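Structure, as structure tokens:
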There are 4 protein chains.
Amino acid sequence: MSSTYGDQLKLTIFGQSHGPAIGMTLDGIPAGLPVDLTLLQDFLNRRAPGNHAYSTSRREADIPEFLSGITDGYTCGAPIAAMIRNTNTRSGDYDTLKDCPRPGHADYPAQIKYGGAQDVAGGGHFSGRLTAPLCIAGGLCKQWLDAKGIRIAAHLSSVAGIHDAPEVLDPVNPDLNKINIVFPVVNTEAGEKMQEAIAAARNEGDSVGGIIECFITGVPAGLGDPMFDGIENKLAQILYGIPAVNGLEFGSGFYGTGLKGSENNDPYAIKNGSVVTTSNNSGGILGGITTGMPIVFRVAIKPTPSIAKPQQSISLSAMQEQELLIKGRHDPCIAPRAVPVVEAAAAIAIFDILLKGK
Amino acid sequence: MSSTYGDQLKLTIFGQSHGPAIGMTLDGIPAGLPVDLTLLQDFLNRRAPGNHAYSTSRREADIPEFLSGITDGYTCGAPIAAMIRNTNTRSGDYDTLKDCPRPGHADYPAQIKYGGAQDVAGGGHFSGRLTAPLCIAGGLCKQWLDAKGIRIAAHLSSVAGIHDAPEVLDPVNPDLNKINIVFPVVNTEAGEKMQEAIAAARNEGDSVGGIIECFITGVPAGLGDPMFDGIENKLAQILYGIPAVNGLEFGSGFYGTGLKGSENNDPYAIKNGSVVTTSNNSGGILGGITTGMPIVFRVAIKPTPSIAKPQQSISLSAMQEQELLIKGRHDPCIAPRAVPVVEAAAAIAIFDILLKGK
Amino acid sequence: MSSTYGDQLKLTIFGQSHGPAIGMTLDGIPAGLPVDLTLLQDFLNRRAPGNHAYSTSRREADIPEFLSGITDGYTCGAPIAAMIRNTNTRSGDYDTLKDCPRPGHADYPAQIKYGGAQDVAGGGHFSGRLTAPLCIAGGLCKQWLDAKGIRIAAHLSSVAGIHDAPEVLDPVNPDLNKINIVFPVVNTEAGEKMQEAIAAARNEGDSVGGIIECFITGVPAGLGDPMFDGIENKLAQILYGIPAVNGLEFGSGFYGTGLKGSENNDPYAIKNGSVVTTSNNSGGILGGITTGMPIVFRVAIKPTPSIAKPQQSISLSAMQEQELLIKGRHDPCIAPRAVPVVEAAAAIAIFDILLKGK
Amino acid sequence: MSSTYGDQLKLTIFGQSHGPAIGMTLDGIPAGLPVDLTLLQDFLNRRAPGNHAYSTSRREADIPEFLSGITDGYTCGAPIAAMIRNTNTRSGDYDTLKDCPRPGHADYPAQIKYGGAQDVAGGGHFSGRLTAPLCIAGGLCKQWLDAKGIRIAAHLSSVAGIHDAPEVLDPVNPDLNKINIVFPVVNTEAGEKMQEAIAAARNEGDSVGGIIECFITGVPAGLGDPMFDGIENKLAQILYGIPAVNGLEFGSGFYGTGLKGSENNDPYAIKNGSVVTTSNNSGGILGGITTGMPIVFRVAIKPTPSIAKPQQSISLSAMQEQELLIKGRHDPCIAPRAVPVVEAAAAIAIFDILLKGK
């Protein structure tokens, strides 16, 4: 059940990094929605490896083949299925990892869970490569949300502790066009420092992490549910499905715990005949339900666990400690390529919520 | 679907703050598990209002009546149902709130979602009071986990920006007995400062927030799933069901995004013939699956939105701004009473995961 | 997970026959729907024991107490919870059954599944008494469907092999008012013969079965889904939750397997500007989706397994055969009281489907 | 959500009859299970079209390509995905059907539900061709059940009203090897008459229906759940997903409603130290839970709706009646090819139930 998400829609992600193909099925999508494959490919290219100095040198075209669910450019109501064939694989790199697990990776818990039957090559089903089919589903949902005036955009809030600062996007009324397309920050100078930090980490055989901030504008008030199916719960369930995510906060989040109630509460006001709040510490959500203000959240992306430096690991067969040297190609920072993935995940969750309606 | 949680078990929370009763049903629990009602009551008393200087003066006995699922002190395999009658209600306090929503509360989005039919008294189904039935379910799961050597304990990591410091609980091997029972901190001095900050906020007619850190020890390696049903995803879905939670991080979390991969990765080692990691920045979870190390997470609890100070709101009927003065009794800080609630939520999620097994 | 049903709504049934109470929670119901408790009680009385010659002499008032979800006579959007206290129990009757399972009852498989921890008194959670909370949920859904012009009514198609014949209700345009209220048949003479057969079985210490036919009129075309969430699948999942149901067919069903395609296909026609079919062998469903014609199905109700005659059973402790004599009060035929239960189950399924919409 | 099934496992069927490919994803399968592709192909060939006198002349190889989830001949714990490309399509045959719906098909309700965006070619997602991926999933589950001593076999209980008789398989101890492999009946003479009836229907441009009886042996006692997740409910949910199924009964089913309780109850006995019943009218299920006796059920398969005879339909654009003449290739009887499909569906349901365990 691990790889299936959604209530009104059901998304299943399949594939292993070095298996025949990766892909997804997306069930429950209404019939008659237009599909713009060019726009989708543009979106997928934002995530694709090999396009940037900060990413792995593995190159995959990431062009999806649609197997079902789309007829004459429109959804037909049947489940959508799409796959991307894996072509550029180097399985030999991973041969020794089954006995000697990589720190920070799923190798060891997977070995225990699957008893050695897991596909270890390239990280198998745990690979970041599996975010490509997530982006197929999310890219489609993003198009359909866009048509309803709901826009989703994320930027690098920080990389290696360097912030996209000074405060750059107003949570009450964010100007999402300010986000740079190539390297997704608002403040170009901060972006350059981030890229320098990434390059430095690569040169050291090390890696760095980052924080991604995401905005969703145009969401009507009154969507979501109290308790376990609130907006936060649904976003959390899909966002924690992105490898390397280990933190998530909404609105003022952890910072807000140091504020007074009188500071953190968002005062109501009337603006152009509509109910608004004059601040947005709630991140657009109260009681699990949208307020009509932008949804704002941040996810923590840990430093890439695959590093070139020697690390302390163990031999599971010998049950003794052993130094590990990881070969292969890896992003020194996952965060930049994770930006469209976060947008995709958010798009899927919001589209699912929208399908349910009030 | 909002108020139902779980895969192997199905928990449904019902009730409104000032309705006839609140309660829960818990389906899918194996037969033959012992139920210690005294232990459960002790646990519920940790959450109960009116026991502490920092909590609301509303007093409810919070003694559950079990309606089904328990026979002669053991679970019988049928769904467990329990309720707590609401006795001490002051509905009059809430009369004007339907037109004039409280900042930071679900009043406005609920009004939009439910079209005015929602039960507004005492916050209705959105009330923190609904965490009492969550604690019934969680208190039972906690007993059953305890019998399997799995222990869950949380403490106040910070209140009003005051930290339970210096670093007090080792994530590799936390001594959970160090947590004070009455006011759940390790460092007594820090706890006193926190309580002073809470008292000061109360005197100002204001409120403060906090961060709760939770440890789960004794969880075997290999539980959980990749992608959308990982340990983080499942914990997130239930933890974001607790009112006032707006942040969640695992292991090194947001702080870890500023570390290098070589610093954040947890080296493997052999200790007493077992696989361990010498640090625990992963918070006991890799790829959604348990590593066998303690699960460590922190949740952000926002400052109580109900404050005595006048606030800016609006009249929905008049569509104009209006000052709001909230009457009634409220915790100046939710975090202390939320500590057992976080433990309860974690217990439910972990018990569900354990029922599934590897 | 056994006792939870639904997609848009989530129904959980709780309770054991001789436990403190039986009841249900119903989550996911829209806010603002009116609740007519008098009408609901009338509906529940149709199922209640002790009102008829053909039913058990156990008498329970079956008056539900609503614990949540209803405010001032309207649903408030929070889960609805209701319970009925068990008052008239005779647990002593069932003492020996744990070792010596009743043929045709769940005693033996329950013993294996629950390892002896199950609540055996009165059939525990397996008791037909648990259909009372099903009727609370179904009675409410029936009211709300009625307000949308969707009407559900069932009759005894046969009892003890005696048919409510000659063909009495036209599946194309059934006149549901023809169904007798006290003993639910169309043909009064057939009904009298059925009641005689039931009385005869009672006098012999035996029991008889029957077939219930249910009609749902006013359902718009285009509801439902192909494959696993079709109208048949959803109705089947809830109908097989009624104890003693062991067969279900739609439209021409098993009889239709002997027809030619040219006989079984329903020709389309235009009538009063609407699309209709001139026969209704499909039972109002094609490809899992409603055609707009009445939904027609029949359920098989097996003869009551509890009979007064001595039966061959075994002693599980001695692992040897043993004669069993069942004491206690039992319906010599379940079918008449199951008629409103079938209506209730159908109402829940259809309301759930309607909530999803096209 | 229509095309996703399962609790412990999640099966999604995708594809349209004349789209690029049909296929399935199967999530939640344990790692380390062996996959015998030759055995699977043998199973798929039983369903494949074009192999028999009684089936459509459309020929598809039905050789699945596995995209993920299987590594070195074993499941690896990741979702299994497989597809079959559609090669032999004749879309032109179906051009006029969008306006003039075929009686007995989903054309009209699909038109209403999907607003004309559905893929109408070859029946789209409603086509019987979609049972091929169901057989991939079911064929795998069947292998894994076989390894646990659980065997599933079905036969044609009747075709065109001709019964596979005299009573041929003992529900207490069925000899499943008696079932003919090529034409799945026990009584060869009856089988020949059935085939004659099918040939006669074909010659008349008509079609016939049938009843399939399925046995599942070797299932341990104590599996399943009361109420909505019983064995019957789970089997019903998947079996009603097979196109043309419109009836399902367990054990004595509809026939049993004419029996006395004393006749229908299955007496318990001890045989070779085990608990058995001396008859099996319950079909191996009591209270939703397995008794340890063979599970026995029958499904009604309606006569193929696609017939060559002219039929009365309508023009949806003109809203007037219109004669319809269906071109294309169709089975004059679906039942023979549906036999392995019923086995596949049963295998999926039982494997899911087994994964849950007691």
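Each chain in the structure tokens gets a letter, A, B and so on, in the order shown; residues start at 1 in every chain, and ligands are counted from 1 in the order they appear.
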Each residue of chain B lying at most 6 Å from chain A should get a row with its shortest atom-to-atom pair and the distance in Å to one decimal, counting only C-alpha atoms; could you produce that, ordered by chain and increasing number, as CSV?
```
residue,atom,partner,partner_atom,distance
B:Ser2,CA,A:Asp229,CA,4.7
B:Ser3,CA,A:Met227,CA,5.4
B:Pro103,CA,A:Asn265,CA,5.5
B:Gly104,CA,A:Asn265,CA,4.8
B:Ala106,CA,A:Gly287,CA,4.8
B:Pro109,CA,A:Gly222,CA,4.9
B:Ile112,CA,A:Gly222,CA,5.0
B:Lys113,CA,A:Gly222,CA,4.2
B:Ala160,CA,A:Gly258,CA,4.7
B:Gly161,CA,A:Gly258,CA,4.6
B:Asp206,CA,A:Gly261,CA,6.0
B:Ser207,CA,A:Gly261,CA,4.9
B:Val208,CA,A:Lys260,CA,4.9
B:Gly209,CA,A:Thr257,CA,4.3
B:Gly210,CA,A:Thr257,CA,4.9
B:Gly222,CA,A:Lys113,CA,4.2
B:Asp225,CA,A:Ser2,CA,5.3
B:Pro226,CA,A:Ser2,CA,5.8
B:Met227,CA,A:Gly241,CA,4.1
B:Phe228,CA,A:Gly241,CA,4.8
B:Asp229,CA,A:Ser2,CA,4.6
B:Asn233,CA,A:Gln237,CA,4.6
B:Gln237,CA,A:Asn233,CA,4.6
B:Ile238,CA,A:Phe228,CA,5.8
B:Tyr240,CA,A:Asn233,CA,5.5
B:Gly241,CA,A:Met227,CA,4.1
B:Asn246,CA,A:Gly253,CA,5.3
B:Gly247,CA,A:Glu249,CA,3.9
B:Leu248,CA,A:Leu248,CA,5.5
B:Glu249,CA,A:Gly247,CA,3.9
B:Phe250,CA,A:Asn246,CA,5.4
B:Gly253,CA,A:Gly247,CA,5.1
B:Phe254,CA,A:Ala300,CA,5.3
B:Thr257,CA,A:Gly209,CA,4.4
B:Gly258,CA,A:Gly161,CA,4.6
B:Lys260,CA,A:Val208,CA,4.9
B:Gly261,CA,A:Pro303,CA,4.8
B:Asn265,CA,A:Gly104,CA,4.8
B:Asp266,CA,A:Pro103,CA,5.6
B:Pro267,CA,A:Gln312,CA,5.2
B:Tyr268,CA,A:Ser313,CA,4.6
B:Ala269,CA,A:Glu321,CA,5.7
B:Leu286,CA,A:Ala106,CA,4.9
B:Gly287,CA,A:Ala106,CA,4.8
B:Ile289,CA,A:Pro109,CA,5.9
B:Thr291,CA,A:Pro109,CA,5.3
B:Ala300,CA,A:Phe254,CA,5.3
B:Lys302,CA,A:Thr257,CA,5.1
B:Pro303,CA,A:Gly261,CA,4.8
B:Thr304,CA,A:Gly261,CA,5.8
B:Pro305,CA,A:Gly261,CA,5.6
B:Gln312,CA,A:Pro267,CA,5.2
B:Ser313,CA,A:Tyr268,CA,4.6
B:Ile314,CA,A:Tyr268,CA,6.0
B:Glu321,CA,A:Ala269,CA,5.8
B:Lys358,CA,A:Lys113,CA,5.5
```
With only C-alpha atoms as the counted atoms, please give the residues lying no more than 6 Å from stretch 16-19 of chain A, apart from itself and same-chain residues fewer than 3 positions off, as a ChimeraX atom specification. /A:89,121-122,124-125,127,129
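Between atom CA of D:Ile295 and atom CA of D:Pro79 the separation is 28.7 Å.
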Based on the backbone DSSP call, show me all residues of stretch 135-325 of chain D assigned helix (DSSP H, G or I), as a VMD selection string. chain D and resid 135 to 146 176 to 178 188 to 203 227 to 229 231 to 239 253 to 256 261 to 264
Atomic separation - atom CA of B:Ala21 relative to atom CA of C:Thr75, Å: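 Going from atom CA of C:Thr75 over to atom CA of B:Ala21, I get 15.4 Å.
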Which residues, written as an NGL selection string, have at least one atom at most 12 Å from stretch 142-147 of chain B, with only C-alpha atoms counted and residues fewer than 2 positions away on the same chain left out? :B and (29-44 or 74-75 or 134-140 or 149-153 or 216-220 or 340-355)
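Listed by chain and then by rising number, the residues of stretch 278-355 of chain B that DSSP assigns to strand (DSSP E) from the backbone are B:Ile285, B:Leu286, B:Ile289, B:Thr290, B:Ile295, B:Val296, B:Phe297, B:Arg298, B:Val299, B:Ala300, B:Ile301, B:Gln311, B:Gln312, B:Ser313, B:Ile314, B:Ser315, B:Gln320, B:Glu321, B:Gln322, B:Glu323, B:Leu324.
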